[in-house]
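**Student:** Sharing a structure here in structure tokens format.
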Amino acid sequence: MVVRAPGGGFGDMLRYPAMPTPVRVTVLVFALLSLLFALATVHRTLAEGGSIGAAVFFAVMATACTLVAVSLAVRRPWAPYPAYALAGLLATASLGLFGAITFVGLGLLVWVVCALNIRASRDWFSGRRRLR
């Protein structure tokens with residue numbers, strides 16, 4: 001779905017609706033997590049006595065975060081579901097390390113569920129526009 005571009009000179013030009021801010025922040029969070037997991041993968045691979053299992057785990061998590069960020073950014077209708085699953089997995093994994101990381105994991109889960117369930121986000125993923 002396209003909308004008319006606001007402004008003057010090119011009023012007949014059409015553009016896609018802008019990404020809602022909560023979705024944009026969620027994409028940035030998953031991109032940042034992807035970068036952090038990639039750095040952890042490199043660190044575990046190069047460190048003396050680093051376990052290969054940890055490096056593989058971090059590589060899988062970096063790939064999963066990248067796929068979630070890309071699917072959210074390209075506006076796939078199914079994109080919120082992997083985001084919910086990955087945020088739930090990270091929140092569950094953080095419960096075993098009870099402390100500050102637990103609040104970060106649970107905060108990520110709450111943010112993803114709330115940000116991707118507001119009307120603007122749902123409408124943006126479905127391609128529908130609300131009449132005002």
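Just remember, in the structure tokens the first chain shown is A, the second B, etc., residues are 1-based per chain, and ligands are 1-based in the order shown.
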Neighbouring residues of Ala40 (chain A) were defined as those with any atom within 7 Å, considering only C-alpha atoms; residues of the same chain fewer than 4 positions away were excluded. Please report them as a ChimeraX atom specification.
**Tutor:** /A:36,44,58
**Student:** I need the residues in chain A that are helix (DSSP H, G or I) according to DSSP; give them as a count of residues only.
**Tutor:** 90
**Student:** So, with only C-alpha atoms as the atoms that count, which of A:Ala38, A:Met61, A:Val113, A:Leu32 lies closest to Ala93 (chain A)?
**Tutor:**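 Among the listed residues, the smallest separation from Ala93 (chain A) belongs to A:Met61.
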**Student:** Select from chain A everything DSSP, run on the backbone, classes as strand (DSSP E or B), then give the selection as a VMD selection string.
**Tutor:** chain A and resid 3 to 4 14 to 15
**Student:** Would you export the selected residues with N, CA, C and O atoms as a CSV table (one decimal), in the first residue's frame, please?
**Tutor:**
```csv
chain,number,residue,atom,x,y,z
A,3,VAL,N,1.1,5.7,0.0
A,3,VAL,CA,0.4,6.9,0.4
A,3,VAL,C,1.0,8.1,-0.4
A,3,VAL,O,2.1,8.0,-0.8
A,4,ARG,N,0.3,9.1,-0.5
A,4,ARG,CA,0.8,10.3,-1.2
A,4,ARG,C,1.8,11.0,-0.3
A,4,ARG,O,1.7,11.1,0.9
A,14,LEU,N,4.4,8.7,-5.1
A,14,LEU,CA,3.9,7.9,-4.0
A,14,LEU,C,5.0,7.3,-3.2
A,14,LEU,O,6.1,7.0,-3.8
A,15,ARG,N,4.8,7.0,-2.0
A,15,ARG,CA,5.8,6.4,-1.1
A,15,ARG,C,5.1,5.4,-0.2
A,15,ARG,O,4.0,5.5,0.1
```
**Student:** Excluding same-chain residues fewer than 3 positions from region 67-71 of chain A, what lies within 8 Å of it counting only C-alpha atoms, as a ChimeraX atom specification?
**Tutor:** /A:26-28,30-31,63-64,74-76,79,82-83
**Student:** Generate the output file for the selected residues, N, CA, C and O atoms, as a PDB file, in the first residue's frame.
**Tutor:**
```
ATOM      1  N   THR A  26      12.735  -1.815  17.897  1.00  0.00           N
ATOM      2  CA  THR A  26      12.897  -3.267  18.021  1.00  0.00           C
ATOM      3  C   THR A  26      13.913  -3.799  17.012  1.00  0.00           C
ATOM      4  O   THR A  26      14.736  -4.653  17.343  1.00  0.00           O
ATOM      5  N   VAL A  27      13.879  -3.280  15.796  1.00  0.00           N
ATOM      6  CA  VAL A  27      14.867  -3.675  14.787  1.00  0.00           C
ATOM      7  C   VAL A  27      16.272  -3.298  15.253  1.00  0.00           C
ATOM      8  O   VAL A  27      17.214  -4.096  15.143  1.00  0.00           O
ATOM      9  N   LEU A  28      16.413  -2.094  15.786  1.00  0.00           N
ATOM     10  CA  LEU A  28      17.730  -1.665  16.270  1.00  0.00           C
ATOM     11  C   LEU A  28      18.214  -2.517  17.442  1.00  0.00           C
ATOM     12  O   LEU A  28      19.401  -2.840  17.532  1.00  0.00           O
ATOM     13  N   PHE A  30      17.455  -5.723  18.053  1.00  0.00           N
ATOM     14  CA  PHE A  30      17.888  -7.031  17.559  1.00  0.00           C
ATOM     15  C   PHE A  30      19.166  -6.919  16.725  1.00  0.00           C
ATOM     16  O   PHE A  30      19.995  -7.835  16.732  1.00  0.00           O
ATOM     17  N   ALA A  31      19.366  -5.818  16.024  1.00  0.00           N
ATOM     18  CA  ALA A  31      20.620  -5.623  15.295  1.00  0.00           C
ATOM     19  C   ALA A  31      21.786  -5.474  16.270  1.00  0.00           C
ATOM     20  O   ALA A  31      22.876  -6.027  16.043  1.00  0.00           O
ATOM     21  N   THR A  63      22.993 -15.265  14.319  1.00  0.00           N
ATOM     22  CA  THR A  63      22.232 -15.502  13.093  1.00  0.00           C
ATOM     23  C   THR A  63      20.741 -15.312  13.326  1.00  0.00           C
ATOM     24  O   THR A  63      20.049 -14.684  12.515  1.00  0.00           O
ATOM     25  N   ALA A  64      20.230 -15.823  14.444  1.00  0.00           N
ATOM     26  CA  ALA A  64      18.803 -15.686  14.746  1.00  0.00           C
ATOM     27  C   ALA A  64      18.421 -14.220  14.934  1.00  0.00           C
ATOM     28  O   ALA A  64      17.388 -13.767  14.418  1.00  0.00           O
ATOM     29  N   VAL A  74      12.023  -5.653   6.727  1.00  0.00           N
ATOM     30  CA  VAL A  74      11.454  -5.763   5.388  1.00  0.00           C
ATOM     31  C   VAL A  74       9.950  -6.013   5.404  1.00  0.00           C
ATOM     32  O   VAL A  74       9.361  -6.290   4.372  1.00  0.00           O
ATOM     33  N   ARG A  75       9.352  -5.927   6.577  1.00  0.00           N
ATOM     34  CA  ARG A  75       7.897  -5.884   6.723  1.00  0.00           C
ATOM     35  C   ARG A  75       7.210  -7.172   6.311  1.00  0.00           C
ATOM     36  O   ARG A  75       6.218  -7.170   5.592  1.00  0.00           O
ATOM     37  N   ARG A  76       7.709  -8.279   6.795  1.00  0.00           N
ATOM     38  CA  ARG A  76       7.053  -9.553   6.542  1.00  0.00           C
ATOM     39  C   ARG A  76       5.887  -9.707   7.521  1.00  0.00           C
ATOM     40  O   ARG A  76       6.036  -9.401   8.691  1.00  0.00           O
ATOM     41  N   ALA A  79       6.759 -11.707  10.639  1.00  0.00           N
ATOM     42  CA  ALA A  79       7.973 -11.284  11.351  1.00  0.00           C
ATOM     43  C   ALA A  79       7.824 -11.160  12.873  1.00  0.00           C
ATOM     44  O   ALA A  79       8.784 -11.447  13.585  1.00  0.00           O
ATOM     45  N   PRO A  82       8.748 -14.820  15.049  1.00  0.00           N
ATOM     46  CA  PRO A  82      10.118 -15.169  15.451  1.00  0.00           C
ATOM     47  C   PRO A  82      10.688 -14.196  16.491  1.00  0.00           C
ATOM     48  O   PRO A  82      11.483 -14.599  17.338  1.00  0.00           O
ATOM     49  N   ALA A  83      10.260 -12.931  16.444  1.00  0.00           N
ATOM     50  CA  ALA A  83      10.729 -11.967  17.445  1.00  0.00           C
ATOM     51  C   ALA A  83      10.217 -12.349  18.830  1.00  0.00           C
ATOM     52  O   ALA A  83      10.962 -12.288  19.813  1.00  0.00           O
TER      53      ALA A  83
END
```
**Student:** Do you know which residues are at most 9 Å from Ser121 (chain A) counting only C-alpha atoms, after dropping those on the same chain fewer than 2 positions away, and could you put them as a PyMOL selection string?
**Tutor:** chain A and resi 19-23+115-119+123-126
**Student:** Which residues come within 12 Å of Thr92 (chain A), counting only C-alpha atoms, excluding same-chain residues fewer than 2 positions away, as a CSV table (one decimal) with all heavy atoms, in the first residue's frame?
**Tutor:**
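Everything below was put into out.csv:
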```csv
chain,number,residue,atom,x,y,z
A,85,ALA,N,9.4,-15.4,19.8
A,85,ALA,CA,10.1,-16.6,20.2
A,85,ALA,C,11.5,-16.4,20.7
A,85,ALA,O,11.9,-16.9,21.7
A,85,ALA,CB,10.1,-17.6,19.0
A,86,LEU,N,12.2,-15.5,19.9
A,86,LEU,CA,13.6,-15.3,20.3
A,86,LEU,C,13.7,-14.5,21.6
A,86,LEU,O,14.5,-14.7,22.5
A,86,LEU,CB,14.3,-14.5,19.2
A,86,LEU,CG,15.8,-14.4,19.4
A,86,LEU,CD1,16.5,-15.7,19.6
A,86,LEU,CD2,16.4,-13.6,18.2
A,87,ALA,N,12.8,-13.5,21.8
A,87,ALA,CA,12.8,-12.7,23.0
A,87,ALA,C,12.4,-13.6,24.2
A,87,ALA,O,13.0,-13.5,25.3
A,87,ALA,CB,11.8,-11.6,22.9
A,88,GLY,N,11.5,-14.5,24.0
A,88,GLY,CA,11.1,-15.5,25.0
A,88,GLY,C,12.3,-16.4,25.4
A,88,GLY,O,12.5,-16.7,26.5
A,89,LEU,N,13.0,-16.9,24.4
A,89,LEU,CA,14.2,-17.7,24.6
A,89,LEU,C,15.3,-17.0,25.4
A,89,LEU,O,15.8,-17.5,26.3
A,89,LEU,CB,14.8,-18.2,23.2
A,89,LEU,CG,16.0,-19.0,23.3
A,89,LEU,CD1,15.7,-20.4,23.9
A,89,LEU,CD2,16.6,-19.2,21.9
A,90,LEU,N,15.5,-15.7,25.0
A,90,LEU,CA,16.5,-14.9,25.7
A,90,LEU,C,16.1,-14.7,27.2
A,90,LEU,O,16.9,-14.7,28.1
A,90,LEU,CB,16.8,-13.6,25.0
A,90,LEU,CG,17.6,-13.8,23.7
A,90,LEU,CD1,17.6,-12.5,22.9
A,90,LEU,CD2,19.0,-14.3,24.0
A,94,SER,N,17.9,-16.1,30.5
A,94,SER,CA,18.4,-15.1,31.5
A,94,SER,C,18.0,-15.5,32.9
A,94,SER,O,18.5,-15.0,33.9
A,94,SER,CB,18.0,-13.7,31.2
A,94,SER,OG,16.6,-13.5,31.4
A,95,LEU,N,16.9,-16.3,33.0
A,95,LEU,CA,16.4,-16.6,34.4
A,95,LEU,C,17.4,-17.5,35.1
A,95,LEU,O,17.5,-17.5,36.3
A,95,LEU,CB,15.1,-17.4,34.3
A,95,LEU,CG,13.9,-16.5,33.8
A,95,LEU,CD1,12.6,-17.4,33.6
A,95,LEU,CD2,13.6,-15.4,34.9
A,96,GLY,N,18.2,-18.3,34.4
A,96,GLY,CA,19.2,-19.1,35.0
A,96,GLY,C,20.3,-18.4,35.6
A,96,GLY,O,21.0,-18.8,36.5
A,97,LEU,N,20.6,-17.1,35.2
A,97,LEU,CA,21.7,-16.3,35.7
A,97,LEU,C,21.1,-15.2,36.6
A,97,LEU,O,21.5,-14.0,36.4
A,97,LEU,CB,22.4,-15.7,34.5
A,97,LEU,CG,23.0,-16.6,33.5
A,97,LEU,CD1,23.5,-15.9,32.3
A,97,LEU,CD2,24.1,-17.4,34.1
A,98,PHE,N,20.2,-15.5,37.4
A,98,PHE,CA,19.4,-14.5,38.2
A,98,PHE,C,20.3,-13.3,38.6
A,98,PHE,O,21.3,-13.5,39.3
A,98,PHE,CB,18.7,-15.1,39.4
A,98,PHE,CG,17.7,-14.2,40.0
A,98,PHE,CD1,16.5,-14.0,39.3
A,98,PHE,CD2,17.9,-13.5,41.1
A,98,PHE,CE1,15.5,-13.2,39.8
A,98,PHE,CE2,17.0,-12.7,41.7
A,98,PHE,CZ,15.8,-12.5,41.0
A,101,ILE,N,21.0,-9.4,34.5
A,101,ILE,CA,20.7,-9.9,33.2
A,101,ILE,C,19.2,-10.4,33.1
A,101,ILE,O,18.6,-10.4,32.0
A,101,ILE,CB,21.7,-10.9,32.7
A,101,ILE,CG1,21.6,-11.2,31.2
A,101,ILE,CG2,21.5,-12.2,33.5
A,101,ILE,CD1,22.0,-10.1,30.4
A,102,THR,N,18.7,-10.9,34.2
A,102,THR,CA,17.3,-11.3,34.2
A,102,THR,C,16.4,-10.2,33.9
A,102,THR,O,15.4,-10.4,33.1
A,102,THR,CB,17.0,-11.9,35.6
A,102,THR,OG1,17.9,-13.0,35.9
A,102,THR,CG2,15.6,-12.5,35.6
A,103,PHE,N,16.6,-9.0,34.5
A,103,PHE,CA,15.8,-7.9,34.2
A,103,PHE,C,15.9,-7.4,32.7
A,103,PHE,O,14.9,-7.0,32.1
A,103,PHE,CB,16.1,-6.7,35.2
A,103,PHE,CG,15.8,-7.1,36.6
A,103,PHE,CD1,16.8,-7.2,37.5
A,103,PHE,CD2,14.5,-7.3,37.0
A,103,PHE,CE1,16.5,-7.5,38.8
A,103,PHE,CE2,14.2,-7.6,38.3
A,103,PHE,CZ,15.2,-7.7,39.2
A,104,VAL,N,17.1,-7.6,32.2
A,104,VAL,CA,17.3,-7.2,30.8
A,104,VAL,C,16.5,-8.2,29.9
A,104,VAL,O,15.8,-7.7,29.0
A,104,VAL,CB,18.8,-7.2,30.4
A,104,VAL,CG1,19.0,-7.0,28.9
A,104,VAL,CG2,19.5,-6.1,31.2
A,105,GLY,N,16.6,-9.5,30.2
A,105,GLY,CA,15.9,-10.4,29.3
A,105,GLY,C,14.4,-10.3,29.4
A,105,GLY,O,13.7,-10.3,28.4
A,106,LEU,N,13.9,-10.1,30.7
A,106,LEU,CA,12.4,-9.9,30.8
A,106,LEU,C,12.0,-8.6,30.2
A,106,LEU,O,10.9,-8.5,29.7
A,106,LEU,CB,12.1,-10.1,32.3
A,106,LEU,CG,12.3,-11.4,32.9
A,106,LEU,CD1,12.0,-11.4,34.4
A,106,LEU,CD2,11.4,-12.5,32.2
A,107,GLY,N,12.8,-7.6,30.4
A,107,GLY,CA,12.5,-6.3,29.8
A,107,GLY,C,12.4,-6.4,28.3
A,107,GLY,O,11.5,-5.8,27.6
A,108,LEU,N,13.3,-7.1,27.6
A,108,LEU,CA,13.3,-7.3,26.2
A,108,LEU,C,12.0,-8.0,25.8
A,108,LEU,O,11.3,-7.6,24.8
A,108,LEU,CB,14.5,-8.1,25.7
A,108,LEU,CG,14.5,-8.5,24.2
A,108,LEU,CD1,14.7,-7.2,23.4
A,108,LEU,CD2,15.6,-9.5,24.0
A,109,LEU,N,11.6,-9.0,26.5
A,109,LEU,CA,10.4,-9.8,26.2
A,109,LEU,C,9.2,-8.8,26.3
A,109,LEU,O,8.3,-8.8,25.4
A,109,LEU,CB,10.2,-11.0,27.1
A,109,LEU,CG,9.0,-11.8,26.9
A,109,LEU,CD1,8.9,-12.4,25.5
A,109,LEU,CD2,8.9,-12.9,28.0
```
**Student:** Of the candidates A:Ala91, A:Val60, A:Leu46, A:Gly127, which shows the shortest atom-to-atom distance to Val112 (chain A), using only C-alpha atoms?
**Tutor:**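 Checking each of A:Ala91, A:Val60, A:Leu46, A:Gly127 against Val112 (chain A), counting only C-alpha atoms, the winner is A:Ala91.
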